[in-house]
>>> print(open('target-v5.cif').read())   # mmCIF, C-alpha atoms and all ligand atoms
data_entry
loop_
_atom_site.label_atom_id
_atom_site.label_comp_id
_atom_site.auth_asym_id
_atom_site.auth_seq_id
_atom_site.Cartn_x
_atom_site.Cartn_y
_atom_site.Cartn_z
CA MET A 1 137.89 204.29 26.81
CA ILE A 2 135.97 202.24 24.24
CA GLN A 3 132.28 203.00 24.02
CA LEU A 4 129.26 202.60 21.79
CA ARG A 5 127.74 205.74 20.31
CA PRO A 6 124.49 206.27 18.43
CA ASN A 7 126.37 208.23 15.72
CA TYR A 8 129.87 209.04 14.60
CA SER A 9 131.08 211.98 16.61
CA PRO A 10 131.53 215.29 14.79
CA ALA A 11 135.27 214.81 15.25
CA ALA A 12 135.28 211.44 13.44
CA ARG A 13 136.86 211.21 10.01
CA SER A 14 134.22 212.12 7.45
CA GLN A 15 131.50 210.47 9.57
CA ARG A 16 132.77 207.11 8.36
CA CYS A 17 134.32 203.98 9.84
CA SER A 18 138.05 204.51 10.35
CA ILE A 19 138.74 200.94 9.19
CA CYS A 20 136.43 200.20 6.25
CA GLY A 21 135.31 203.73 5.42
CA SER A 22 131.63 202.82 5.50
CA PRO A 23 129.08 205.44 6.52
CA GLN A 24 126.71 204.52 9.32
CA ARG A 25 124.52 201.67 8.04
CA PRO A 26 120.84 201.01 8.76
CA VAL A 27 120.19 198.13 11.17
CA ASP A 28 117.85 196.57 8.60
CA PRO A 29 119.19 196.93 5.04
CA VAL A 30 115.64 196.48 3.74
CA ASN A 31 114.61 199.60 5.66
CA PRO A 32 117.29 202.19 4.92
CA ALA A 33 115.26 204.91 6.66
CA GLY A 34 115.04 202.85 9.87
CA PRO A 35 117.34 202.87 12.89
CA ARG A 36 121.07 203.07 12.28
CA GLU A 37 123.77 200.78 13.61
CA GLN A 38 125.78 202.08 16.50
CA THR A 39 129.35 203.21 16.15
CA ILE A 40 132.29 202.18 18.28
CA ASP A 41 134.45 204.99 19.61
CA LEU A 42 137.86 203.52 20.41
CA GLY A 43 138.78 206.54 22.51
CA VAL A 44 141.70 207.39 20.28
CA PHE A 45 142.20 210.71 18.60
CA ILE A 46 144.60 210.75 15.67
CA GLU A 47 145.88 214.07 14.52
CA PHE A 48 144.65 214.97 11.01
CA GLU A 49 142.36 211.92 11.18
CA GLY A 50 140.05 212.72 14.06
CA GLU A 51 138.38 210.34 16.51
CA PHE A 52 139.14 206.74 15.62
CA GLU A 53 135.64 205.29 15.42
CA ILE A 54 134.58 202.12 13.67
CA CYS A 55 131.35 200.54 12.47
CA GLU A 56 129.64 197.53 14.07
CA HIS A 57 130.76 195.29 11.20
CA CYS A 58 134.42 196.03 11.81
CA GLY A 59 133.87 195.68 15.57
CA ILE A 60 132.28 192.26 15.01
CA ASP A 61 135.16 191.24 12.71
CA ILE A 62 137.63 192.15 15.45
CA ALA A 63 135.58 190.31 18.08
CA ARG A 64 135.40 187.18 15.89
CA VAL A 65 139.17 187.15 15.55
CA LEU A 66 139.22 187.03 19.35
CA GLY A 67 136.76 184.11 19.41
CA TRP A 68 133.53 185.96 20.07
CA ILE A 69 130.31 184.63 18.51
CA ASP A 70 127.36 186.79 17.55
CA PRO A 71 124.41 186.01 19.91
CA ALA A 72 122.12 185.21 16.94
CA GLU A 73 124.79 182.91 15.49
CA HIS A 74 125.30 181.35 18.92
CA GLU A 75 121.56 180.67 19.22
CA LYS A 76 121.54 179.13 15.73
CA LEU A 77 124.52 176.91 16.61
CA GLN A 78 122.85 175.97 19.90
CA GLY A 79 119.76 174.83 17.95
CA ALA A 80 121.88 172.82 15.52
CA PHE A 81 123.78 171.29 18.43
CA GLN A 82 120.51 170.34 20.15
CA LYS A 83 119.27 168.69 16.95
CA ARG A 84 122.49 166.67 16.71
CA ILE A 85 122.03 165.52 20.30
CA GLU A 86 118.47 164.44 19.47
CA VAL A 87 119.71 162.54 16.39
CA GLN A 88 122.45 160.95 18.48
CA ASP A 89 119.90 159.90 21.15
CA TYR A 90 117.69 158.43 18.42
CA LEU A 91 120.62 156.50 16.93
CA VAL A 92 121.64 155.19 20.36
CA GLU A 93 118.06 153.94 20.85
CA GLN A 94 118.17 152.27 17.42
CA VAL A 95 121.49 150.57 18.23
CA GLU A 96 120.16 149.36 21.60
CA SER A 97 117.00 148.05 19.93
CA ALA A 98 119.04 146.27 17.25
CA ARG A 99 121.37 144.82 19.89
CA SER A 100 118.34 143.54 21.80
CA SER A 101 116.97 141.94 18.62
CA VAL A 102 120.34 140.29 17.97
CA ASP A 103 120.34 138.92 21.53
CA VAL A 104 116.84 137.47 21.04
CA LEU A 105 117.83 135.95 17.69
CA THR A 106 121.05 134.54 19.15
CA ARG A 107 119.10 132.84 21.96
CA GLU A 108 116.52 131.56 19.46
CA MET A 109 119.26 130.17 17.20
CA ALA A 110 120.93 128.47 20.14
CA TYR A 111 117.61 126.96 21.17
CA GLN A 112 116.85 125.78 17.62
CA ALA A 113 120.37 124.37 17.26
CA HIS A 114 119.86 122.48 20.51
CA ARG A 115 116.54 121.11 19.24
CA VAL A 116 118.14 119.97 15.96
CA VAL A 117 121.03 118.28 17.78
CA THR A 118 118.62 116.64 20.20
CA ALA A 119 116.32 115.54 17.37
CA ASP A 120 119.29 114.19 15.39
CA ALA A 121 120.50 112.33 18.45
CA ASP A 122 117.01 110.94 19.03
CA ALA A 123 116.75 109.96 15.38
CA ALA A 124 120.18 108.36 15.45
CA GLU A 125 119.25 106.51 18.56
CA ALA A 126 115.98 105.40 17.01
CA THR A 127 117.77 104.36 13.84
CA ALA A 128 120.41 102.60 15.84
CA VAL A 129 117.72 100.73 17.70
CA ALA A 130 115.92 99.93 14.45
CA VAL A 131 118.98 98.46 12.76
CA GLU A 132 120.31 96.88 15.84
CA PRO A 133 120.60 93.19 15.12
CA ASP A 134 118.49 90.90 17.14
CA PHE A 135 120.76 88.42 18.86
CA GLY A 136 117.97 87.00 20.86
ZN ZN A 201 133.93 199.45 9.32
#
>>> encode(input="target-v5.cif", output="C-alpha cells")
Amino acid sequence: MIQLRPNYSPAARSQRCSICGSPQRPVDPVNPAGPREQTIDLGVFIEFEGEFEICEHCGIDIARVLGWIDPAEHEKLQGAFQKRIEVQDYLVEQVESARSSVDVLTREMAYQAHRVVTADADAAEATAVAVEPDFG
C-alpha cells in the first residue's frame, strides 16, 4: 500500500529517496531548518535495499508523466486561462464595435452616393433645360 510518511522509515535505504538518492528536503529551501517534505512509501521491500521509499520530487515527476498537475501550477494556469478569456472578450467587443462603425460608414457612403447621383441628375436636368433650344 502506497502512503505518505513524515520521514523515511528506519528500514529505507540510507534514509534517502530510492530513485534519486536525495535525503529528505526542507519544504522551503530558504529555510533548511523548517519543516521537511514528506516521503512516499511505495509499500515495497527489496531485499538488501530496504523499503522502497521516494521523495516528493520523484513522486511529482511520476504523477506528471501520468498527466497530473501540481495544484499551485493548476491555479497559475487557471489564472492565465482567465486572463486569455478576458483578452478574448475584449477583442470580441473591439471587433463588434469596429463592425458597427463599418456598418454606419457603409450606410453614410450609400447615402452620400445617392445624394451625389441625385445632385448630378438634377444638375444634368438643369443643364439640359438651360441648353434646350427654344423652338417657340
Ligand atoms: Zn527522489
>>> residues_around(input="target-v5.cif", residues="Ile2 of chain A", least_positions_apart="2", cutoff="6 Å", atoms="all atoms listed in the file", output="list of chain:residue names")
A:Asp41, A:Leu42, A:Gly43
>>> residues_around(input="target-v5.cif", residues="Ser22 of chain A", least_positions_apart="2", cutoff="12 Å", atoms="all atoms listed in the file", output="list of chain:residue names")
A:Tyr8, A:Arg13, A:Ser14, A:Gln15, A:Arg16, A:Cys17, A:Ser18, A:Ile19, A:Cys20, A:Gln24, A:Arg25, A:Pro26, A:Glu37, A:Thr39, A:Glu53, A:Ile54, A:Cys55, A:Glu56, A:His57, A:Cys58
>>> atom_distance(input="target-v5.cif", atom1="atom CA of Ser9 of chain A", atom2="atom CA of Glu49 of chain A")
12.5 Å
>>> atom_distance(input="target-v5.cif", atom1="atom CA of Leu4 of chain A", atom2="atom CA of Leu77 of chain A")
26.6 Å
>>> closest_residue(input="target-v5.cif", among="A:Gln38, A:Gln3, A:Gln94, A:Thr127", to="ligand ZN 201 (chain A)", atoms="all atoms listed in the file")
A:Gln38
>>> build_atoms(input="target-v5.cif", residues="segment 52-75 of chain A", atoms="N, CA and C atoms", output="mmCIF file, in the frame of the given file")
data_model
loop_
_atom_site.group_PDB
_atom_site.id
_atom_site.type_symbol
_atom_site.label_atom_id
_atom_site.label_comp_id
_atom_site.auth_asym_id
_atom_site.auth_seq_id
_atom_site.Cartn_x
_atom_site.Cartn_y
_atom_site.Cartn_z
ATOM 1 N N PHE A 52 139.072 208.033 16.281
ATOM 2 C CA PHE A 52 139.140 206.740 15.620
ATOM 3 C C PHE A 52 137.904 205.952 16.019
ATOM 4 N N GLU A 53 136.912 205.963 15.161
ATOM 5 C CA GLU A 53 135.640 205.290 15.420
ATOM 6 C C GLU A 53 135.395 204.291 14.296
ATOM 7 N N ILE A 54 134.799 203.166 14.666
ATOM 8 C CA ILE A 54 134.580 202.120 13.670
ATOM 9 C C ILE A 54 133.108 201.702 13.662
ATOM 10 N N CYS A 55 132.722 201.014 12.594
ATOM 11 C CA CYS A 55 131.350 200.540 12.470
ATOM 12 C C CYS A 55 131.165 199.220 13.220
ATOM 13 N N GLU A 56 129.915 198.796 13.385
ATOM 14 C CA GLU A 56 129.640 197.530 14.070
ATOM 15 C C GLU A 56 130.245 196.351 13.318
ATOM 16 N N HIS A 57 130.224 196.406 11.992
ATOM 17 C CA HIS A 57 130.760 195.290 11.200
ATOM 18 C C HIS A 57 132.237 195.077 11.498
ATOM 19 N N CYS A 58 132.992 196.157 11.520
ATOM 20 C CA CYS A 58 134.420 196.030 11.810
ATOM 21 C C CYS A 58 134.624 195.593 13.266
ATOM 22 N N GLY A 59 133.780 196.103 14.168
ATOM 23 C CA GLY A 59 133.870 195.680 15.570
ATOM 24 C C GLY A 59 133.605 194.189 15.702
ATOM 25 N N ILE A 60 132.609 193.698 14.974
ATOM 26 C CA ILE A 60 132.280 192.260 15.010
ATOM 27 C C ILE A 60 133.425 191.453 14.408
ATOM 28 N N ASP A 61 134.011 191.940 13.311
ATOM 29 C CA ASP A 61 135.160 191.240 12.710
ATOM 30 C C ASP A 61 136.298 191.112 13.717
ATOM 31 N N ILE A 62 136.561 192.183 14.443
ATOM 32 C CA ILE A 62 137.630 192.150 15.450
ATOM 33 C C ILE A 62 137.271 191.151 16.554
ATOM 34 N N ALA A 63 136.012 191.210 17.008
ATOM 35 C CA ALA A 63 135.580 190.310 18.080
ATOM 36 C C ALA A 63 135.680 188.852 17.645
ATOM 37 N N ARG A 64 135.330 188.568 16.395
ATOM 38 C CA ARG A 64 135.400 187.180 15.890
ATOM 39 C C ARG A 64 136.836 186.665 15.900
ATOM 40 N N VAL A 65 137.754 187.541 15.532
ATOM 41 C CA VAL A 65 139.170 187.150 15.550
ATOM 42 C C VAL A 65 139.562 186.726 16.963
ATOM 43 N N LEU A 66 138.923 187.352 17.952
ATOM 44 C CA LEU A 66 139.220 187.030 19.350
ATOM 45 C C LEU A 66 138.387 185.872 19.870
ATOM 46 N N GLY A 67 137.534 185.271 19.000
ATOM 47 C CA GLY A 67 136.760 184.110 19.410
ATOM 48 C C GLY A 67 135.337 184.390 19.817
ATOM 49 N N TRP A 68 134.894 185.616 19.695
ATOM 50 C CA TRP A 68 133.530 185.960 20.070
ATOM 51 C C TRP A 68 132.549 185.471 18.999
ATOM 52 N N ILE A 69 131.351 185.063 19.437
ATOM 53 C CA ILE A 69 130.310 184.630 18.510
ATOM 54 C C ILE A 69 129.102 185.524 18.676
ATOM 55 N N ASP A 70 128.569 185.967 17.571
ATOM 56 C CA ASP A 70 127.360 186.790 17.550
ATOM 57 C C ASP A 70 126.238 186.036 18.283
ATOM 58 N N PRO A 71 125.480 186.700 19.172
ATOM 59 C CA PRO A 71 124.410 186.010 19.910
ATOM 60 C C PRO A 71 123.422 185.284 18.991
ATOM 61 N N ALA A 72 123.059 185.879 17.859
ATOM 62 C CA ALA A 72 122.120 185.210 16.940
ATOM 63 C C ALA A 72 122.775 183.954 16.354
ATOM 64 N N GLU A 73 124.063 184.066 16.018
ATOM 65 C CA GLU A 73 124.790 182.910 15.490
ATOM 66 C C GLU A 73 124.925 181.839 16.567
ATOM 67 N N HIS A 74 125.179 182.287 17.801
ATOM 68 C CA HIS A 74 125.300 181.350 18.920
ATOM 69 C C HIS A 74 123.989 180.587 19.118
ATOM 70 N N GLU A 75 122.867 181.313 19.047
ATOM 71 C CA GLU A 75 121.560 180.670 19.220
ATOM 72 C C GLU A 75 121.318 179.651 18.103
#
